[in-house]
Amino acid sequence: MHNLTIKQMSEKLHAGDITSVQLTQHYLDRIAQFDGELNAYVTVTPELAIQMAEEADQRLASGDAELLTGIPVAHKDIFCTDGVKTSCGSKMLDNFIAPYDAHVVTQLKKVGMPILGKTNMDEFAMGSSSESSYYGATKNPWDHQAVPGGSSGGAAAVIAAGLAPLATGTDTGGSIRQPASFCGITGIKPTYGVVSRFGIIAYASSFDQAGPMTRSAEDSAWLLNAMAGFDARDSTSLEREKIDYTAALGHSLKGLKVGVPAEYFGEGLDAEVEAVVKNAIAEVEKLGAEIVEIHLPNKDLAVPSYYVLAPAEASSNLSRFDGVRFGYRCEQPKDLTDLYKRSRSEGFGEEVKRRIMVGAYALSAGYYDEYYLKAQKLRRMVRDDFIKAFQSCDVIMGPVAPTSAFNIGEKSDDQVSMYLSDLYTIPVNLGGLPALSVPAGFAQNRPVGLHIVGPYFSEAQLLNIGHQFQQVTDWHTKTPAQYQ
Amino acid sequence: MSWEVVIGLEIHAQLTTKSKIFSGASTAYGAAPNSQACPIDLGMPGVLPVLNQAVIGKSIMLGLALDAEIGKRSVFDRKNYFYPDLPKGYQTTQFEFPIVGQGKLEIELEDGRKKVIGVTRAHLEEDAGKSVHGLVPGQTGVDLNRSGTPLLEIVSDPDMSSAKEAVAYAKKMHELVQYLGICDGNMQEGSFRVDSNVSVRRPGEPLGTRAELKNINSFRFIEKAIEFEIERQIELIESGGTVVQETRLYDAENDTTRSMRTKEDANDYRYFPCPDLLPVIIVDEDIEAIRATMPELPEAKRTRFVTEFGLSDYDAVVLTSSRAMAEFFEKVVALTQKKDIKLCANWVTSGFSAALNRDGLSVEVSPVSAEMLAGMIERILDNSISGKIAKQVFEAMWQGEGTADQVIESKGLKQITDTGAIEALVDEVLANNPEQVESYKAGQTKMLGYFVGQIMKVSGGQANPGQVNKMLVAKLK
């Protein structure tokens with residue numbers, strides 16, 4: 001049942017071949033069977049899931065159902081979920097029961113998608129391996145020695161292992177696409193502003209964007225249909241006409257101009273990963289696309305810019321976790337300063353504290369111009385590279401990450417090398433552009449994704465390119481042996 | 001050697017919006033603690049601010065009244081610091097690009113001189129909550145009802161050189177924001193808060209170190225606090241000390257100021273543009289649309305009252321002391337058929353204002369409406385009642401006994417104008433005072449006043465004094 005496409009699942013639900021309760025129970029059983037070892041969920045919500053499945057079945061029976069009605073979903077533990085623990089992977093919020101739903105959660109509830117639970121992640125979405133979670137590292141379903149990527153590592157792992165048919169993720173510097181690549185699934189980060197940020201615990205507000213994490217591009221298109229849309233509660237949400245992201249699926253790629261940045265295939269890129277990506281691009285060429293070389297000369301400015309701006313925003317966004325109103329509070333504070341210092345020192349993990357300190361430093365008097373303002377200038381240069389590049393191509397293709405999944409513990413002590421694993425994904429967030437990762441092969445027996453970046457609001461086109469690619473390849477249907 | 005005083009004011013005016021600046025929660029004053037704080041005001045994880053557009057127009061209105069530059073692109077920034085009443089750990093405010101830029105306000109000094117005070121800027125920001133001490137023994141409570149209340153912080157240039165000037169400026173600004181209807185001006189409830197930056201220097205020397213006086217909720221105390229602070233600084237310097245930059249609190253009971261925090265405790269606020277809010281873009285059409293809805297400002301009204309109504313400067317000032325008072329007066333004038341503007345002005349500035357002051361009421365809640373006062377003035381003008389009886393009628397209306405006509409009717413206060421009735425009264429009084437009649441006829445014409453008084457007394461004040469006079473003169477010939 002868990003190997004069906006979303007459309008097939010929906011057809012069976014609508015035909016009455018299966019019920020939502022059966023489908024939901026099937027996933028709950030698999031979670032019970034496999035997640036003890038995988039550690040992809042922080043919280044599993046069986047009662048809520050079954051209750052919502054029952055309601056979905058009533059809608060299916062009464063004919064008041066949409067395509068996704070009755071299909072369960074797993075939310076990254078960064079989406080506030082009414083009445084459910086929303087930890088953001090942190091000890092700081094281990095006791096936090098959200099009193100409201102994030103906009104995305106509301107949207108999927110309206111459609112009637114049972115919530116299986118909340119997936120594991122790097123603490124406050126700061127990381128590329130999901131190892132920094134207070135709840136321990138999630139394992140990569142393809143190889144338990146490997147990380148699933150991050151920060152949406154739990155979401156990628158539950159899709160790869162068949163512990164949820166659909167999952168939500170967020171991407172601030174690559175947190176949907178890099179784990180999608182590492183776990184052999186499909187994930188898209190939409191244009192900044194397409195999906196409301198309301199109720200998503202903020203890491204770096206000007207970068208954060210939610211998106212679907214699924215087995216196929218087609219599945220992502222269906223889920224994005226439900227996630228996207230204007231929300232007046234988010235001032236950066238874009239008011240646009242409602243789009244059907246499945247509408248373009250089926251368009252031919254003939255004449256599509258694919259830009260391949262020369263700079264993306266240099267030093268630091270794993271040879272096996274490079275071969276996988278080049279093969280994938282060749283496959284797209286066979287579908288009728290034209291490959292052109294392009295240049296993104298400022299790509300090396302992206303990581304330094306990001307690691308000033310994102311921590312700067314984070315240092316402010318995370319100030320509300322002060323032990324006063326919610327979340328972790330230290331024992332027996334002796335005064336107000338002690339309450340702040342110990343609640344935050346004890347409640348936050350190492351990487352979060354590191355980024356808060358880096359960010360506060362970059363914003364402090366005397367350093368603001370040198371760091372924050374300069375990083376903003378670099379951000380514009382990186383974005384302008386893309387805008388210029390899209391004058392000579394329709395989309396850009398390249399690697400998602402320089403390597404396949406690394407081993408758990410391998411980079412924990414070397415943050416810079418961890419940061420550099422996002423060098424291909426971060427530029428996209430600086431520009432606020434949409435980008436897709438689709439499974440394209442294996443390197444060192446671990447999955448590798450193809451990165452497809454498009455101009456603003458090209459989500460439908462990106463999903464179609466992924467879909468066309470998946471019509472002639474079967475990487476996205478592959479499942480790790482023990483999870484079949 | 002002489003000293004020069006330099007004062008600049010920062011005024012926080014709470015804008016009159018129903019809901020908060022970034023959330024839909026109510027801004028009403030006096031609710032139970034934390035009953036008007038929604039998840040956004042509480043700074044819960046994942047919530048986002050959405051700008052209440054009403055604050056934009058109100059800010060532009062002030063900018064226009066101050067003849068200031070309007071920020072065509074203003075930006076909200078985050079001011080980062082930790083305090084229990086600051087839920088997000090930062091205050092959303094405007095730092096580099098405020099909505100109102102350099103402007104000015106003219107004040108009038110006690111000796112009649114006018115002085116222009118520069119207004120550096122006015123920017124939008126959210127208020128914090130408040131700490132509540134003593135409610136829970138050994139602990140401090142936090143009430144976040146105020147959190148997110150919209151404020152316009154109006155910063156003056158350091159242009160004032162005495163406590164009196166500072167108070168004149170503060171009062172002028174207080175009057176202006178109320179006239180514009182952008183702030184209710186209630187100082188007790190904290191809707192209009194004045195912080196004073198005070199320093200002294202020898203003439204010609206650079207600016208001295210300033211102390212900031214915060215949270216003083218009356219003009220009288222602001223003046224006293226500044227005066228005390230000037231004295232303190234001069235004495236300190238003259239005795240060889242130096243002024244430190246600090247915030248000082250005014251202690252009204254002992255009429256002193258004391259240190260609250262010094263600059264050493266000052267935070268690095270790490271300002272940066274708030275990524276959750278878009279810059280506010282204002283185009284010329286927006287400004288013109290707001291200009292069209294601007295109420296008449298106090299200065300213009302004053303001038304008009306003098307030129308159009310022929311009132312004295314003094315009456316014009318009193319009548320325009322608040323927008324509500326001025327509107328009340330104009331309504332009374334409009335509602336009286338026979339125009340006697342001076343009479344209307346007298347009644348509004350004396351009888352009406354005195355009653356308001358006596359009962360501590362504001363124009364808005366006065367028991368006598370403009371319609372009622374106009375109705376009474378009409379009765380004076382058509383000789384139904386005398387000015388003296390009118391005072392009685394007014395007091396009865398104030399006590400809720402009805403309109404002027406109802407009171408005159410029920411109390412039988414209508415003036416006696418019937419010639420026959422007046423003649424009878426005159427005859428009666430003359431018959432009862434033969435000696436006085438004799439002395440009048442012997443040339444003591446001032447006895448006429450005595451007779452009038454007697455007749456008015458006998459008539460219970462209701463006889464028409466003019467008619468009485470006329471008839472007496474005729475009878476005594």
# chains A, B, ... in the order shown; residues from 1 in each chain; ligands from 1
$ interface_residues --of "chain B" --to "chain A" --cutoff "12 Å" --atoms "only C-alpha atoms" --output "number ranges by chain"
B: 22-24, 34, 38-52, 77-92, 138-144, 267-280
$ residues_around --residues "segment 234-239 of chain B" --least-positions-apart "4" --cutoff "9 Å" --atoms "only C-alpha atoms" --output "ChimeraX atom specification"
/B:3,200-201,229-230,243
$ closest_residue --among "A:Ala160, A:Leu378, A:Ala217, A:Ala228" --to "Gly431 of chain A" --atoms "only C-alpha atoms"
A:Leu378
$ select_by_dssp --residues "segment 23-234 of chain A" --states "helix (DSSP H, G or I)" --output "compact mmCIF listing (two decimals) with C-alpha atoms, in the first residue's frame"
# COMPACT_ATOMS: atom_id res chain seq x y z
CA LEU A 23 -4.46 3.47 5.25
CA THR A 24 -3.63 5.50 8.34
CA GLN A 25 -3.43 2.37 10.50
CA HIS A 26 -1.09 0.81 7.93
CA TYR A 27 1.34 3.71 8.40
CA LEU A 28 0.91 3.73 12.18
CA ASP A 29 1.81 0.02 12.17
CA ARG A 30 4.89 0.65 10.08
CA ILE A 31 5.91 3.50 12.39
CA ALA A 32 5.54 1.17 15.37
CA GLN A 33 7.57 -1.45 13.57
CA PHE A 34 10.41 0.69 12.21
CA ASP A 35 10.68 4.02 13.93
CA GLY A 36 12.23 2.72 17.13
CA GLU A 37 15.46 2.28 15.23
CA LEU A 38 15.05 5.07 12.65
CA PRO A 46 -2.16 7.68 16.64
CA GLU A 47 -5.40 8.78 18.31
CA LEU A 48 -5.52 12.08 16.46
CA ALA A 49 -4.62 10.30 13.21
CA ILE A 50 -7.39 7.70 13.52
CA GLN A 51 -9.96 10.27 14.58
CA MET A 52 -9.09 12.44 11.58
CA ALA A 53 -9.12 9.36 9.33
CA GLU A 54 -12.63 8.54 10.52
CA GLU A 55 -13.76 12.05 9.66
CA ALA A 56 -12.07 11.75 6.27
CA ASP A 57 -13.88 8.47 5.62
CA GLN A 58 -17.18 10.21 6.30
CA ARG A 59 -16.28 12.89 3.78
CA LEU A 60 -15.24 10.25 1.26
CA ALA A 61 -18.51 8.42 1.81
CA SER A 62 -20.57 11.57 1.42
CA LYS A 91 14.84 20.83 24.91
CA MET A 92 13.67 24.45 25.07
CA LEU A 93 10.26 23.41 23.71
CA HIS A 103 -1.33 27.94 8.39
CA VAL A 104 0.01 24.87 6.57
CA VAL A 105 -1.44 22.58 9.24
CA THR A 106 -4.79 24.36 8.98
CA GLN A 107 -4.78 23.99 5.20
CA LEU A 108 -4.08 20.24 5.33
CA LYS A 109 -6.63 19.73 8.10
CA LYS A 110 -9.23 21.43 5.93
CA VAL A 111 -8.48 18.98 3.14
CA GLU A 123 17.29 21.87 16.66
CA PHE A 124 15.43 25.00 15.50
CA ALA A 125 16.19 23.89 11.92
CA GLY A 153 15.90 14.84 8.06
CA GLY A 154 13.01 13.19 9.86
CA ALA A 155 10.61 14.14 7.07
CA ALA A 156 12.95 12.79 4.39
CA ALA A 157 13.48 9.58 6.33
CA VAL A 158 9.76 8.86 6.86
CA ILE A 159 9.13 9.22 3.11
CA ALA A 160 12.12 7.05 2.17
CA ARG A 177 16.42 19.64 -0.77
CA GLN A 178 19.56 18.31 0.91
CA PRO A 179 17.75 15.66 3.00
CA ALA A 180 15.64 14.83 -0.08
CA SER A 181 18.90 14.21 -1.95
CA PHE A 182 20.41 12.17 0.91
CA CYS A 183 17.31 10.00 1.31
CA ALA A 217 7.34 15.17 -8.28
CA GLU A 218 3.72 14.44 -9.04
CA ASP A 219 3.03 13.75 -5.35
CA SER A 220 4.77 17.04 -4.49
CA ALA A 221 2.55 18.91 -6.92
CA TRP A 222 -0.57 17.56 -5.20
CA LEU A 223 0.69 18.44 -1.75
CA LEU A 224 1.88 21.89 -2.82
CA ASN A 225 -1.63 22.58 -4.11
CA ALA A 226 -2.87 22.22 -0.55
CA MET A 227 0.01 24.04 1.15
$ closest_residue --among "B:Thr93, B:Thr149, B:Gln233, B:Gln245" --to "Val5 of chain B" --atoms "only C-alpha atoms"
B:Gln233
$ residues_around --residues "Asn279 of chain A" --least-positions-apart "6" --cutoff "12 Å" --atoms "only C-alpha atoms" --output "ChimeraX atom specification"
/A:272-273,285-286,397-399,440-442,448-450,469,473
$ write_last_selection --atoms "C-alpha atoms" --output "PDB file, in the first residue's frame"
ATOM      1  CA  GLU A 272      30.579   9.861  -8.083  1.00  0.00           C
ATOM      2  CA  VAL A 273      28.023  12.595  -7.298  1.00  0.00           C
ATOM      3  CA  GLU A 285      18.739  16.397 -22.765  1.00  0.00           C
ATOM      4  CA  LYS A 286      17.394  13.182 -24.279  1.00  0.00           C
ATOM      5  CA  MET A 397      20.575  22.128 -13.065  1.00  0.00           C
ATOM      6  CA  GLY A 398      23.371  20.896 -10.854  1.00  0.00           C
ATOM      7  CA  PRO A 399      24.140  18.975  -7.694  1.00  0.00           C
ATOM      8  CA  ALA A 440      18.970  10.771  -9.741  1.00  0.00           C
ATOM      9  CA  GLY A 441      21.124   7.849  -8.716  1.00  0.00           C
ATOM     10  CA  PHE A 442      23.546   6.639  -6.098  1.00  0.00           C
ATOM     11  CA  VAL A 448      22.014  11.497  -4.855  1.00  0.00           C
ATOM     12  CA  GLY A 449      19.587  14.173  -6.028  1.00  0.00           C
ATOM     13  CA  LEU A 450      19.460  16.413  -9.074  1.00  0.00           C
ATOM     14  CA  PHE A 469      12.466  12.914 -15.596  1.00  0.00           C
ATOM     15  CA  THR A 473      13.878   6.980 -14.644  1.00  0.00           C
TER      16      THR A 473
END
$ atom_distance --atom1 "atom CA of His2 of chain A" --atom2 "atom CA of Ala443 of chain A"
25.4 Å
$ residues_around --residues "Ala25 of chain B" --least-positions-apart "4" --cutoff "7 Å" --atoms "only C-alpha atoms" --output "ChimeraX atom specification"
/B:19-20,36-38
$ atom_distance --atom1 "atom CA of Ile287 of chain B" --atom2 "atom CA of Lys58 of chain B"
10.9 Å
$ residues_around --residues "Tyr424 of chain A" --least-positions-apart "2" --cutoff "8 Å" --atoms "only C-alpha atoms" --output "CSV table (one decimal) with N, CA and C atoms, in the first residue's frame"
chain,number,residue,atom,x,y,z
A,264,TYR,N,29.7,25.0,-10.7
A,264,TYR,CA,29.2,24.0,-9.8
A,264,TYR,C,29.9,22.7,-9.9
A,399,PRO,N,24.2,19.8,-8.9
A,399,PRO,CA,24.1,19.0,-7.7
A,399,PRO,C,23.4,19.7,-6.6
A,400,VAL,N,22.7,18.9,-5.7
A,400,VAL,CA,22.1,19.4,-4.5
A,400,VAL,C,23.1,19.6,-3.4
A,401,ALA,N,24.0,18.7,-3.3
A,401,ALA,CA,25.0,18.7,-2.3
A,401,ALA,C,26.3,18.1,-2.9
A,402,PRO,N,27.5,18.5,-2.3
A,402,PRO,CA,28.7,18.0,-2.9
A,402,PRO,C,29.0,16.5,-2.7
A,421,SER,N,28.4,21.9,3.2
A,421,SER,CA,27.6,20.9,2.5
A,421,SER,C,26.4,21.5,1.9
A,422,ASP,N,26.1,22.8,2.2
A,422,ASP,CA,24.9,23.5,1.7
A,422,ASP,C,25.3,24.5,0.6
A,426,ILE,N,22.1,26.9,-0.6
A,426,ILE,CA,22.0,28.3,0.0
A,426,ILE,C,21.8,29.4,-1.0
A,427,PRO,N,22.5,29.4,-2.1
A,427,PRO,CA,22.3,30.6,-3.0
A,427,PRO,C,20.8,30.7,-3.4
A,428,VAL,N,20.1,29.6,-3.5
A,428,VAL,CA,18.7,29.7,-3.9
A,428,VAL,C,17.9,30.4,-2.9
$ closest_residue --among "B:Gly241, B:Lys342, B:Ile99, B:Gln337" --to "Val306 of chain B" --atoms "only C-alpha atoms"
B:Lys342
$ residues_around --residues "Asp284 of chain B" --least-positions-apart "6" --cutoff "10 Å" --atoms "only C-alpha atoms" --output "PyMOL selection string"
chain B and resi 70+72+290
$ select_by_dssp --residues "segment 25-142 of chain A" --states "strand (DSSP E)" --output "short mmCIF file (atom, residue, chain, number, x, y, z; two decimals) with C-alpha atoms, in the first residue's frame"
data_model
loop_
_atom_site.label_atom_id
_atom_site.label_comp_id
_atom_site.auth_asym_id
_atom_site.auth_seq_id
_atom_site.Cartn_x
_atom_site.Cartn_y
_atom_site.Cartn_z
CA TYR A 41 9.39 10.94 14.53
CA VAL A 42 9.59 13.08 17.67
CA THR A 43 5.90 12.55 18.36
CA VAL A 44 3.47 10.02 16.90
CA VAL A 73 0.69 13.34 6.44
CA ALA A 74 3.65 13.84 8.79
CA HIS A 75 4.52 17.41 9.81
CA LYS A 76 8.01 18.55 10.57
CA ILE A 115 -1.78 13.76 11.05
CA LEU A 116 0.52 10.80 11.78
CA GLY A 117 2.89 12.81 13.95
CA LYS A 118 5.74 15.27 14.06
CA THR A 119 9.08 14.52 12.43
#
$ atom_distance --atom1 "atom CA of Arg73 of chain B" --atom2 "atom CA of Val55 of chain B"
14.8 Å
$ residues_around --residues "Asn383 of chain B" --least-positions-apart "2" --cutoff "10 Å" --atoms "only C-alpha atoms" --output "PyMOL selection string"
chain B and resi 377-381+385-387+414-417+464
$ write_last_selection --atoms "C-alpha atoms" --output "short mmCIF file (atom, residue, chain, number, x, y, z; two decimals), in the first residue's frame"
data_model
loop_
_atom_site.label_atom_id
_atom_site.label_comp_id
_atom_site.auth_asym_id
_atom_site.auth_seq_id
_atom_site.Cartn_x
_atom_site.Cartn_y
_atom_site.Cartn_z
CA ILE B 377 -29.72 81.33 24.98
CA GLU B 378 -32.66 81.67 22.63
CA ARG B 379 -34.91 82.34 25.63
CA ILE B 380 -32.54 85.05 26.83
CA LEU B 381 -32.54 86.63 23.40
CA ILE B 385 -35.83 85.07 30.79
CA SER B 386 -33.27 87.49 32.11
CA GLY B 387 -29.57 86.76 32.33
CA LYS B 414 -40.97 83.17 32.46
CA GLN B 415 -40.24 86.87 32.50
CA ILE B 416 -43.18 89.23 33.18
CA THR B 417 -43.52 91.46 30.12
CA ASN B 464 -38.54 92.59 32.68
#
